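Here is the file input-v3.json (JSON, C-alpha atoms).
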[["chain", "number", "residue", "atom", "x", "y", "z"],
["A", 1, "MET", "CA", -56.31, -48.31, 310.72],
["A", 2, "ASN", "CA", -53.64, -45.69, 311.11],
["A", 3, "TRP", "CA", -55.24, -42.42, 312.27],
["A", 4, "LYS", "CA", -52.92, -40.35, 310.07],
["A", 5, "PHE", "CA", -54.13, -42.25, 307.00],
["A", 6, "LEU", "CA", -57.74, -41.57, 308.08],
["A", 7, "ILE", "CA", -57.12, -37.80, 308.30],
["A", 8, "ILE", "CA", -55.50, -37.75, 304.85],
["A", 9, "ALA", "CA", -58.41, -39.69, 303.36],
["A", 10, "MET", "CA", -60.93, -37.26, 304.86],
["A", 11, "CYS", "CA", -59.08, -34.29, 303.41],
["A", 12, "ILE", "CA", -59.17, -35.89, 299.97],
["A", 13, "PHE", "CA", -62.82, -36.91, 299.88],
["A", 14, "ILE", "CA", -64.51, -34.04, 301.75],
["A", 15, "PRO", "CA", -65.49, -31.47, 299.06],
["A", 16, "PHE", "CA", -63.96, -28.04, 299.26],
["A", 17, "VAL", "CA", -66.69, -25.38, 299.15],
["A", 18, "GLN", "CA", -65.64, -22.16, 297.44],
["A", 19, "ALA", "CA", -67.40, -19.01, 298.61],
["A", 20, "ALA", "CA", -67.26, -15.30, 297.85],
["A", 21, "THR", "CA", -68.36, -12.18, 299.72],
["A", 22, "LEU", "CA", -71.20, -10.31, 298.02],
["A", 23, "GLU", "CA", -71.63, -6.79, 299.31],
["A", 24, "GLY", "CA", -73.01, -3.44, 298.25],
["A", 25, "SER", "CA", -75.27, -0.50, 299.01],
["A", 26, "ILE", "CA", -79.02, 0.01, 298.67],
["A", 27, "TYR", "CA", -80.23, 3.23, 297.03],
["A", 28, "ASN", "CA", -83.73, 4.69, 296.78],
["A", 29, "SER", "CA", -85.22, 6.77, 293.92],
["A", 30, "GLN", "CA", -83.45, 9.85, 295.31],
["A", 31, "LEU", "CA", -80.12, 8.01, 294.98],
["A", 32, "THR", "CA", -79.51, 8.15, 298.73],
["A", 33, "LEU", "CA", -78.88, 5.16, 300.98],
["A", 34, "GLU", "CA", -82.14, 3.45, 302.01],
["A", 35, "ASN", "CA", -82.33, 2.28, 305.65],
["A", 36, "ASP", "CA", -84.26, -0.64, 307.16],
["A", 37, "VAL", "CA", -84.36, -2.80, 304.03],
["A", 38, "LEU", "CA", -84.97, -6.55, 304.34],
["A", 39, "LEU", "CA", -82.69, -8.65, 302.10],
["A", 40, "GLU", "CA", -82.93, -12.36, 301.35],
["A", 41, "VAL", "CA", -80.68, -14.64, 299.30],
["A", 42, "HIS", "CA", -79.87, -18.37, 299.45],
["A", 43, "ASN", "CA", -81.91, -18.92, 302.66],
["A", 44, "GLN", "CA", -80.10, -16.00, 304.31],
["A", 45, "LYS", "CA", -82.01, -12.97, 305.59],
["A", 46, "TYR", "CA", -80.56, -9.65, 306.70],
["A", 47, "LEU", "CA", -82.14, -6.36, 307.80],
["A", 48, "SER", "CA", -79.96, -3.52, 306.56],
["A", 49, "LYS", "CA", -80.15, -0.66, 309.03],
["A", 50, "ASP", "CA", -77.66, 1.65, 307.28],
["A", 51, "GLY", "CA", -78.24, 0.91, 303.59],
["A", 52, "THR", "CA", -75.37, -1.58, 303.17],
["A", 53, "TYR", "CA", -75.22, -5.37, 303.17],
["A", 54, "ALA", "CA", -72.83, -8.33, 302.88],
["A", 55, "PHE", "CA", -73.40, -12.07, 302.30],
["A", 56, "ASP", "CA", -71.04, -15.05, 301.98],
["A", 57, "LEU", "CA", -72.21, -17.17, 299.03],
["A", 58, "PRO", "CA", -70.86, -20.29, 297.32],
["A", 59, "ILE", "CA", -70.26, -20.25, 293.57],
["A", 60, "GLY", "CA", -73.58, -20.38, 291.69],
["A", 61, "GLU", "CA", -76.64, -18.36, 290.63],
["A", 62, "TYR", "CA", -78.96, -16.71, 293.17],
["A", 63, "THR", "CA", -81.93, -14.38, 293.38],
["A", 64, "LEU", "CA", -81.27, -11.43, 295.71],
["A", 65, "ILE", "CA", -84.52, -9.95, 297.05],
["A", 66, "ALA", "CA", -84.66, -6.49, 298.63],
["A", 67, "GLN", "CA", -87.89, -5.18, 300.14],
["A", 68, "LYS", "CA", -89.08, -2.21, 302.17],
["A", 69, "GLY", "CA", -92.80, -1.82, 302.67],
["A", 70, "LEU", "CA", -94.56, -2.30, 299.33],
["A", 71, "VAL", "CA", -91.40, -1.60, 297.31],
["A", 72, "LYS", "CA", -89.64, -4.80, 296.26],
["A", 73, "THR", "CA", -86.95, -5.70, 293.74],
["A", 74, "GLU", "CA", -85.32, -8.97, 292.69],
["A", 75, "GLU", "CA", -81.85, -9.21, 291.16],
["A", 76, "LEU", "CA", -80.10, -12.17, 289.53],
["A", 77, "ILE", "CA", -76.66, -12.69, 291.10],
["A", 78, "VAL", "CA", -73.99, -14.92, 289.54],
["A", 79, "ILE", "CA", -70.98, -15.92, 291.68],
["A", 80, "ILE", "CA", -68.24, -17.25, 289.41],
["A", 81, "ASP", "CA", -65.17, -17.20, 291.71],
["A", 82, "GLU", "CA", -64.01, -16.45, 295.25],
["A", 83, "ASN", "CA", -63.26, -12.79, 294.61],
["A", 84, "ARG", "CA", -65.15, -10.12, 296.52],
["A", 85, "GLN", "CA", -68.08, -8.81, 294.48],
["A", 86, "ILE", "CA", -69.82, -5.45, 294.83],
["A", 87, "TYR", "CA", -73.45, -5.22, 293.70],
["A", 88, "ASP", "CA", -75.46, -2.08, 294.46],
["A", 89, "ILE", "CA", -79.27, -2.29, 294.57],
["A", 90, "PHE", "CA", -81.68, 0.40, 293.41],
["A", 91, "LEU", "CA", -84.95, 0.06, 295.31],
["A", 92, "LEU", "CA", -87.25, 1.86, 292.86],
["A", 93, "PRO", "CA", -91.00, 2.35, 293.34],
["A", 94, "SER", "CA", -93.11, -0.09, 291.39],
["A", 95, "PHE", "CA", -95.42, 2.58, 289.92],
["A", 96, "VAL", "CA", -93.44, 2.48, 286.68],
["A", 97, "GLU", "CA", -94.55, -1.08, 285.98],
["A", 98, "GLU", "CA", -96.68, -1.10, 282.81],
["A", 99, "ASP", "CA", -99.20, -3.62, 284.10],
["A", 100, "LEU", "CA", -99.94, -1.58, 287.26],
["A", 101, "LEU", "CA", -100.42, 1.53, 285.17],
["A", 102, "TRP", "CA", -102.99, -0.11, 282.93],
["A", 103, "GLN", "CA", -104.65, -1.86, 285.88],
["A", 104, "ASP", "CA", -105.10, 1.48, 287.64],
["A", 105, "THR", "CA", -106.57, 2.98, 284.44],
["A", 106, "GLU", "CA", -109.02, 0.09, 284.03],
["A", 107, "GLU", "CA", -110.19, 0.45, 287.64],
["A", 108, "LYS", "CA", -110.95, 4.13, 287.09],
["A", 109, "PHE", "CA", -112.91, 3.36, 283.90],
["A", 110, "ASP", "CA", -114.88, 0.66, 285.75],
["A", 111, "THR", "CA", -115.72, 3.12, 288.53],
["A", 112, "LEU", "CA", -116.91, 5.71, 286.00],
["A", 113, "TRP", "CA", -119.06, 3.13, 284.21],
["A", 114, "GLN", "CA", -120.67, 1.95, 287.46],
["A", 115, "ASP", "CA", -121.48, 5.53, 288.46],
["A", 116, "THR", "CA", -123.18, 6.08, 285.10],
["A", 117, "GLU", "CA", -125.20, 2.88, 285.42],
["A", 118, "GLU", "CA", -126.41, 3.83, 288.88],
["A", 119, "GLY", "CA", -127.68, 7.18, 287.61],
["A", 120, "VAL", "CA", -125.33, 9.58, 289.35],
["A", 121, "GLU", "CA", -126.35, 13.20, 288.85],
["A", 122, "GLU", "CA", -125.34, 14.56, 285.45],
["A", 123, "GLY", "CA", -123.21, 17.47, 286.73],
["A", 124, "TYR", "CA", -121.35, 15.31, 289.22],
["A", 125, "SER", "CA", -120.71, 12.62, 286.58],
["A", 126, "LEU", "CA", -119.36, 15.24, 284.18],
["A", 127, "TRP", "CA", -116.80, 16.43, 286.72],
["A", 128, "ARG", "CA", -115.86, 12.85, 287.54],
["A", 129, "TYR", "CA", -115.34, 12.20, 283.83],
["A", 130, "ILE", "CA", -113.21, 15.34, 283.41],
["A", 131, "LEU", "CA", -111.11, 14.45, 286.46],
["A", 132, "LEU", "CA", -110.66, 10.88, 285.24],
["A", 133, "CYS", "CA", -109.57, 12.09, 281.80],
["A", 134, "ALA", "CA", -107.04, 14.46, 283.41],
["A", 135, "ILE", "CA", -105.63, 11.64, 285.56],
["A", 136, "LEU", "CA", -105.48, 9.31, 282.56],
["A", 137, "ILE", "CA", -103.69, 11.88, 280.40],
["A", 138, "PHE", "CA", -101.17, 12.55, 283.18],
["A", 139, "LEU", "CA", -100.48, 8.85, 283.72],
["A", 140, "LEU", "CA", -100.10, 8.21, 279.99],
["A", 141, "TRP", "CA", -97.78, 11.22, 279.66],
["A", 142, "ARG", "CA", -95.66, 10.04, 282.57],
["A", 143, "PHE", "CA", -95.58, 6.50, 281.25],
["A", 144, "SER", "CA", -94.62, 7.66, 277.74],
["A", 145, "LYS", "CA", -91.89, 9.91, 279.08],
["A", 146, "LYS", "CA", -90.30, 7.10, 281.12],
["A", 147, "ARG", "CA", -90.73, 4.63, 278.26],
["A", 148, "MET", "CA", -89.08, 6.96, 275.74],
["A", 149, "LYS", "CA", -86.17, 7.70, 278.05],
["A", 150, "TYR", "CA", -85.45, 4.24, 279.46],
["A", 151, "GLY", "CA", -87.38, 1.77, 277.30],
["A", 152, "PRO", "CA", -89.36, -1.16, 278.78],
["A", 153, "LEU", "CA", -88.73, -1.64, 282.51],
["A", 154, "ARG", "CA", -87.58, -5.25, 282.20],
["A", 155, "LYS", "CA", -85.09, -4.32, 279.47],
["A", 156, "PHE", "CA", -83.91, -1.36, 281.56],
["A", 157, "ARG", "CA", -83.25, -3.60, 284.58],
["A", 158, "LYS", "CA", -81.40, -6.15, 282.45],
["A", 159, "ASN", "CA", -79.20, -3.50, 280.80],
["A", 160, "PHE", "CA", -78.54, -1.81, 284.13],
["A", 161, "ALA", "CA", -77.43, -5.11, 285.69],
["A", 162, "VAL", "CA", -74.91, -5.56, 282.85],
["A", 163, "GLU", "CA", -73.78, -1.96, 283.29],
["A", 164, "LYS", "CA", -73.16, -2.36, 287.05],
["A", 165, "ASN", "CA", -71.09, -5.51, 286.57],
["A", 166, "LYS", "CA", -68.59, -3.80, 284.25],
["A", 167, "SER", "CA", -65.09, -3.11, 285.51],
["A", 168, "ARG", "CA", -63.54, 0.37, 285.70],
["A", 169, "LYS", "CA", -61.45, -0.46, 282.62],
["A", 170, "GLU", "CA", -64.56, -1.44, 280.65],
["A", 171, "HIS", "CA", -66.32, 1.80, 281.64],
["A", 172, "LYS", "CA", -63.32, 3.85, 280.44],
["A", 173, "GLN", "CA", -63.32, 1.96, 277.15],
["A", 174, "ASP", "CA", -67.06, 2.61, 276.71],
["A", 175, "ILE", "CA", -66.56, 6.34, 277.22],
["A", 176, "ALA", "CA", -63.64, 6.41, 274.77],
["A", 177, "ASP", "CA", -65.58, 4.45, 272.11],
["A", 178, "GLU", "CA", -68.86, 6.37, 272.47],
["A", 179, "PRO", "CA", -68.59, 10.22, 272.49],
["A", 180, "LYS", "CA", -72.37, 10.38, 273.06],
["A", 181, "TYR", "CA", -71.80, 9.83, 276.81],
["A", 182, "ILE", "CA", -69.85, 13.12, 276.99],
["A", 183, "ASP", "CA", -72.25, 14.97, 274.68],
["A", 184, "ASP", "CA", -75.34, 13.84, 276.60],
["A", 185, "THR", "CA", -73.80, 14.92, 279.90],
["A", 186, "ILE", "CA", -72.99, 18.39, 278.55],
["A", 187, "GLU", "CA", -76.55, 18.76, 277.24],
["A", 188, "ILE", "CA", -77.99, 17.83, 280.64],
["A", 189, "ILE", "CA", -75.82, 20.44, 282.38],
["A", 190, "LYS", "CA", -76.82, 23.07, 279.78],
["A", 191, "LYS", "CA", -80.48, 22.21, 280.38],
["A", 192, "HIS", "CA", -79.94, 23.18, 284.04],
["A", 193, "ASP", "CA", -78.44, 26.57, 283.12],
["A", 194, "GLY", "CA", -74.87, 25.27, 283.25],
["A", 195, "ARG", "CA", -75.03, 24.31, 286.93],
["A", 196, "ILE", "CA", -76.03, 20.95, 288.38],
["A", 197, "SER", "CA", -75.19, 18.87, 291.44],
["A", 198, "GLN", "CA", -73.44, 15.57, 290.78],
["A", 199, "LYS", "CA", -76.25, 13.83, 292.68],
["A", 200, "LYS", "CA", -78.88, 15.31, 290.35],
["A", 201, "LEU", "CA", -76.77, 14.44, 287.29],
["A", 202, "ARG", "CA", -76.64, 10.84, 288.50],
["A", 203, "LYS", "CA", -80.44, 10.87, 288.76],
["A", 204, "GLU", "CA", -80.75, 12.27, 285.22],
["A", 205, "MET", "CA", -78.49, 9.45, 283.95],
["A", 206, "LEU", "CA", -80.09, 6.66, 285.97],
["A", 207, "TYR", "CA", -79.55, 4.21, 283.11],
["A", 208, "LEU", "CA", -75.78, 4.38, 283.73],
["A", 209, "SER", "CA", -73.89, 3.04, 286.74],
["A", 210, "GLU", "CA", -72.55, 5.39, 289.38],
["A", 211, "ALA", "CA", -68.98, 4.42, 288.44],
["A", 212, "LYS", "CA", -69.48, 5.39, 284.79],
["A", 213, "VAL", "CA", -71.05, 8.76, 285.66],
["A", 214, "SER", "CA", -68.10, 9.53, 287.96],
["A", 215, "LEU", "CA", -65.64, 8.69, 285.17],
["A", 216, "ILE", "CA", -67.57, 10.90, 282.72],
["A", 217, "VAL", "CA", -67.36, 13.81, 285.20],
["A", 218, "LYS", "CA", -63.61, 13.25, 285.59],
["A", 219, "GLU", "CA", -63.20, 13.24, 281.82],
["A", 220, "LEU", "CA", -65.08, 16.55, 281.55],
["A", 221, "GLU", "CA", -62.86, 18.00, 284.29],
["A", 222, "HIS", "CA", -59.73, 16.75, 282.52],
["A", 223, "LYS", "CA", -60.83, 18.41, 279.27],
["A", 224, "GLY", "CA", -61.58, 21.66, 281.10],
["A", 225, "ILE", "CA", -65.26, 21.59, 280.15],
["A", 226, "VAL", "CA", -66.64, 21.60, 283.70],
["A", 227, "GLU", "CA", -65.44, 22.65, 287.13],
["A", 228, "LYS", "CA", -66.35, 20.59, 290.18],
["A", 229, "VAL", "CA", -67.00, 22.60, 293.35],
["A", 230, "LYS", "CA", -67.46, 21.03, 296.77],
["A", 231, "LYS", "CA", -70.73, 22.10, 298.39],
["A", 232, "GLY", "CA", -71.76, 20.57, 301.71],
["A", 233, "ARG", "CA", -71.62, 16.77, 301.44],
["A", 234, "GLY", "CA", -71.85, 16.79, 297.63],
["A", 235, "ASN", "CA", -70.38, 18.35, 294.51],
["A", 236, "VAL", "CA", -71.71, 20.96, 292.09],
["A", 237, "LEU", "CA", -70.67, 20.87, 288.42],
["A", 238, "LEU", "CA", -70.24, 24.23, 286.65],
["A", 239, "LEU", "CA", -70.10, 24.37, 282.86],
["A", 240, "LYS", "CA", -67.22, 26.60, 281.73]]

Would you write out, as structure tokens, the structure that this file holds?
Amino acid sequence: MNWKFLIIAMCIFIPFVQAATLEGSIYNSQLTLENDVLLEVHNQKYLSKDGTYAFDLPIGEYTLIAQKGLVKTEELIVIIDENRQIYDIFLLPSFVEEDLLWQDTEEKFDTLWQDTEEGVEEGYSLWRYILLCAILIFLLWRFSKKRMKYGPLRKFRKNFAVEKNKSRKEHKQDIADEPKYIDDTIEIIKKHDGRISQKKLRKEMLYLSEAKVSLIVKELEHKGIVEKVKKGRGNVLLLK
């Protein structure tokens, strides 16, 4: 058989695997880069020392897992073409999970009940009961506050994933179609006496992507509503 014919046949029948580069940054609850995070996707593992990562993945759907200590998050990644994709990860503490909140509450009630059954001294039991009630009220208040602001955690994560995958053009269109983004930002700055760092504003608007918050700030600057002042490694926004 002619060797040239063999090479041509191999080129035709060997499948061509398309792959894309998935990369991004890993942020903690303070919206700063998180170091020493273990990532795993498609049988690939990588320890991010500086809060950034990059993987080469074929077209398809994958689960990207990021973990540091007891904090762990899983994100659904969809690779649809060979273009470079940027996907930032927010490694948030798991204390906001509803089931852990209620589990912790049940454990405290069980402990109180056992103490009562065992005949703990009346004064000591009373203080334990008061302390437990205070902890329970605080946890319920914190849970309600987060729930009212962001909604259920699973819904928040799903909406945030959609938000992060939007293009710059889509973010601009969202801001133009929905004046509430601008109004909410102004109210947040007013709440902080007309002065807030851009990093803190990003934390206050955690339900939006970093790209959208940056575009909102630029729009406020363009309209002359705020002034952005460089301070150290960040920016401070001043309401005019």

Please indicate the distance in Å from atom CA of Arg84 of chain A to atom CA of Lys199 of chain A, rounded to one decimal place.
->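 Interatomic distance, atom CA of Arg84 of chain A to atom CA of Lys199 of chain A: 26.7 Å.
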
Residue nearest His192 of chain A - candidates A:Ala134, A:Ala161, A:Leu220, A:Val236, atoms counted: only C-alpha atoms =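 The answer is A:Val236, which sits nearest to His192 of chain A.
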
Distance atom CA of Glu178 of chain A-atom CA of His222 of chain A, one decimal place?
->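 Result for atom CA of Glu178 of chain A versus atom CA of His222 of chain A: 17.1 Å, one decimal.
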
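We find atom CA of Gly69 of chain A and atom CA of Phe55 of chain A to be spaced 21.9 Å apart.
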
Contacts of segment 86-92 of chain A at 10 Å or less, counting only C-alpha atoms, minus same-chain residues fewer than 3 places along, as a PyMOL selection string?
-> chain A and resi 21-34+37+51-54+64-68+71-75+77+83+95-96+157+161+164-165+206+209-210

Which of these residues is nearest to Glu187 of chain A, using only C-alpha atoms: A:Lys49, A:Met205, A:Ser167, A:Glu221?
->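 Of A:Lys49, A:Met205, A:Ser167, A:Glu221, the one nearest Glu187 of chain A, counting only C-alpha atoms, is A:Met205.
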
A:Thr185, A:Asn235, A:Gln173, A:Ser214 ranked by distance to Ser197 of chain A, top pick (using all atoms listed in the file) | A:Asn235

Can you list, as a count of residues only, every protein, DNA or RNA residue that comes within 10 Å of Ile196 of chain A when you count only C-alpha atoms, leaving out same-chain residues fewer than 5 positions away?
-> 11

Report, as AutoDock Vina command-line options, the centre and edge lengths in Å (one decimal) of the axis-aligned box enclosing every listed atom of segment 198-207 of chain A, padded by 4 Å on each side.
--center_x -77.1 --center_y 9.9 --center_z 287.9 --size_x 15.3 --size_y 19.4 --size_z 17.6

Can you save segment 170-221 of chain A of the given block to a file, including C-alpha atoms and formatted as a PDB file, in the first residue's frame?
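Final output, decode_15.pdb:
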ATOM      1  CA  GLU A 170     -25.298  42.244  27.277  1.00  0.00           C
ATOM      2  CA  HIS A 171     -24.341  43.924  30.576  1.00  0.00           C
ATOM      3  CA  LYS A 172     -24.590  47.371  28.939  1.00  0.00           C
ATOM      4  CA  GLN A 173     -27.993  46.494  27.526  1.00  0.00           C
ATOM      5  CA  ASP A 174     -29.184  45.324  30.961  1.00  0.00           C
ATOM      6  CA  ILE A 175     -28.130  48.618  32.542  1.00  0.00           C
ATOM      7  CA  ALA A 176     -29.833  50.619  29.788  1.00  0.00           C
ATOM      8  CA  ASP A 177     -33.074  48.603  30.064  1.00  0.00           C
ATOM      9  CA  GLU A 178     -33.231  48.563  33.874  1.00  0.00           C
ATOM     10  CA  PRO A 179     -32.688  51.942  35.642  1.00  0.00           C
ATOM     11  CA  LYS A 180     -32.967  50.123  38.995  1.00  0.00           C
ATOM     12  CA  TYR A 181     -29.284  49.121  38.725  1.00  0.00           C
ATOM     13  CA  ILE A 182     -28.270  52.809  38.805  1.00  0.00           C
ATOM     14  CA  ASP A 183     -30.825  53.718  41.486  1.00  0.00           C
ATOM     15  CA  ASP A 184     -29.799  50.846  43.761  1.00  0.00           C
ATOM     16  CA  THR A 185     -26.129  51.791  43.461  1.00  0.00           C
ATOM     17  CA  ILE A 186     -26.834  55.415  44.393  1.00  0.00           C
ATOM     18  CA  GLU A 187     -28.863  54.281  47.423  1.00  0.00           C
ATOM     19  CA  ILE A 188     -26.003  52.057  48.606  1.00  0.00           C
ATOM     20  CA  ILE A 189     -23.517  54.946  48.351  1.00  0.00           C
ATOM     21  CA  LYS A 190     -25.945  57.245  50.215  1.00  0.00           C
ATOM     22  CA  LYS A 191     -26.287  54.619  52.946  1.00  0.00           C
ATOM     23  CA  HIS A 192     -22.511  54.901  53.471  1.00  0.00           C
ATOM     24  CA  ASP A 193     -22.652  58.706  53.839  1.00  0.00           C
ATOM     25  CA  GLY A 194     -21.890  59.305  50.166  1.00  0.00           C
ATOM     26  CA  ARG A 195     -18.482  57.617  50.286  1.00  0.00           C
ATOM     27  CA  ILE A 196     -17.701  53.964  49.589  1.00  0.00           C
ATOM     28  CA  SER A 197     -14.806  51.944  48.202  1.00  0.00           C
ATOM     29  CA  GLN A 198     -15.452  50.140  44.928  1.00  0.00           C
ATOM     30  CA  LYS A 199     -14.454  46.893  46.648  1.00  0.00           C
ATOM     31  CA  LYS A 200     -17.119  47.375  49.328  1.00  0.00           C
ATOM     32  CA  LEU A 201     -19.707  48.330  46.697  1.00  0.00           C
ATOM     33  CA  ARG A 202     -18.936  45.082  44.878  1.00  0.00           C
ATOM     34  CA  LYS A 203     -19.544  43.202  48.142  1.00  0.00           C
ATOM     35  CA  GLU A 204     -22.863  45.014  48.664  1.00  0.00           C
ATOM     36  CA  MET A 205     -23.922  44.000  45.126  1.00  0.00           C
ATOM     37  CA  LEU A 206     -22.671  40.413  45.297  1.00  0.00           C
ATOM     38  CA  TYR A 207     -25.607  39.228  43.195  1.00  0.00           C
ATOM     39  CA  LEU A 208     -24.135  41.065  40.180  1.00  0.00           C
ATOM     40  CA  SER A 209     -20.969  40.188  38.282  1.00  0.00           C
ATOM     41  CA  GLU A 210     -17.827  42.260  38.717  1.00  0.00           C
ATOM     42  CA  ALA A 211     -18.053  43.366  35.077  1.00  0.00           C
ATOM     43  CA  LYS A 212     -21.580  44.746  35.513  1.00  0.00           C
ATOM     44  CA  VAL A 213     -20.682  46.647  38.705  1.00  0.00           C
ATOM     45  CA  SER A 214     -17.705  48.232  36.914  1.00  0.00           C
ATOM     46  CA  LEU A 215     -19.952  49.312  34.031  1.00  0.00           C
ATOM     47  CA  ILE A 216     -22.484  50.785  36.486  1.00  0.00           C
ATOM     48  CA  VAL A 217     -19.695  52.817  38.141  1.00  0.00           C
ATOM     49  CA  LYS A 218     -18.537  54.073  34.736  1.00  0.00           C
ATOM     50  CA  GLU A 219     -22.093  55.087  33.879  1.00  0.00           C
ATOM     51  CA  LEU A 220     -22.377  57.035  37.150  1.00  0.00           C
ATOM     52  CA  GLU A 221     -19.061  58.746  36.380  1.00  0.00           C
TER      53      GLU A 221
END
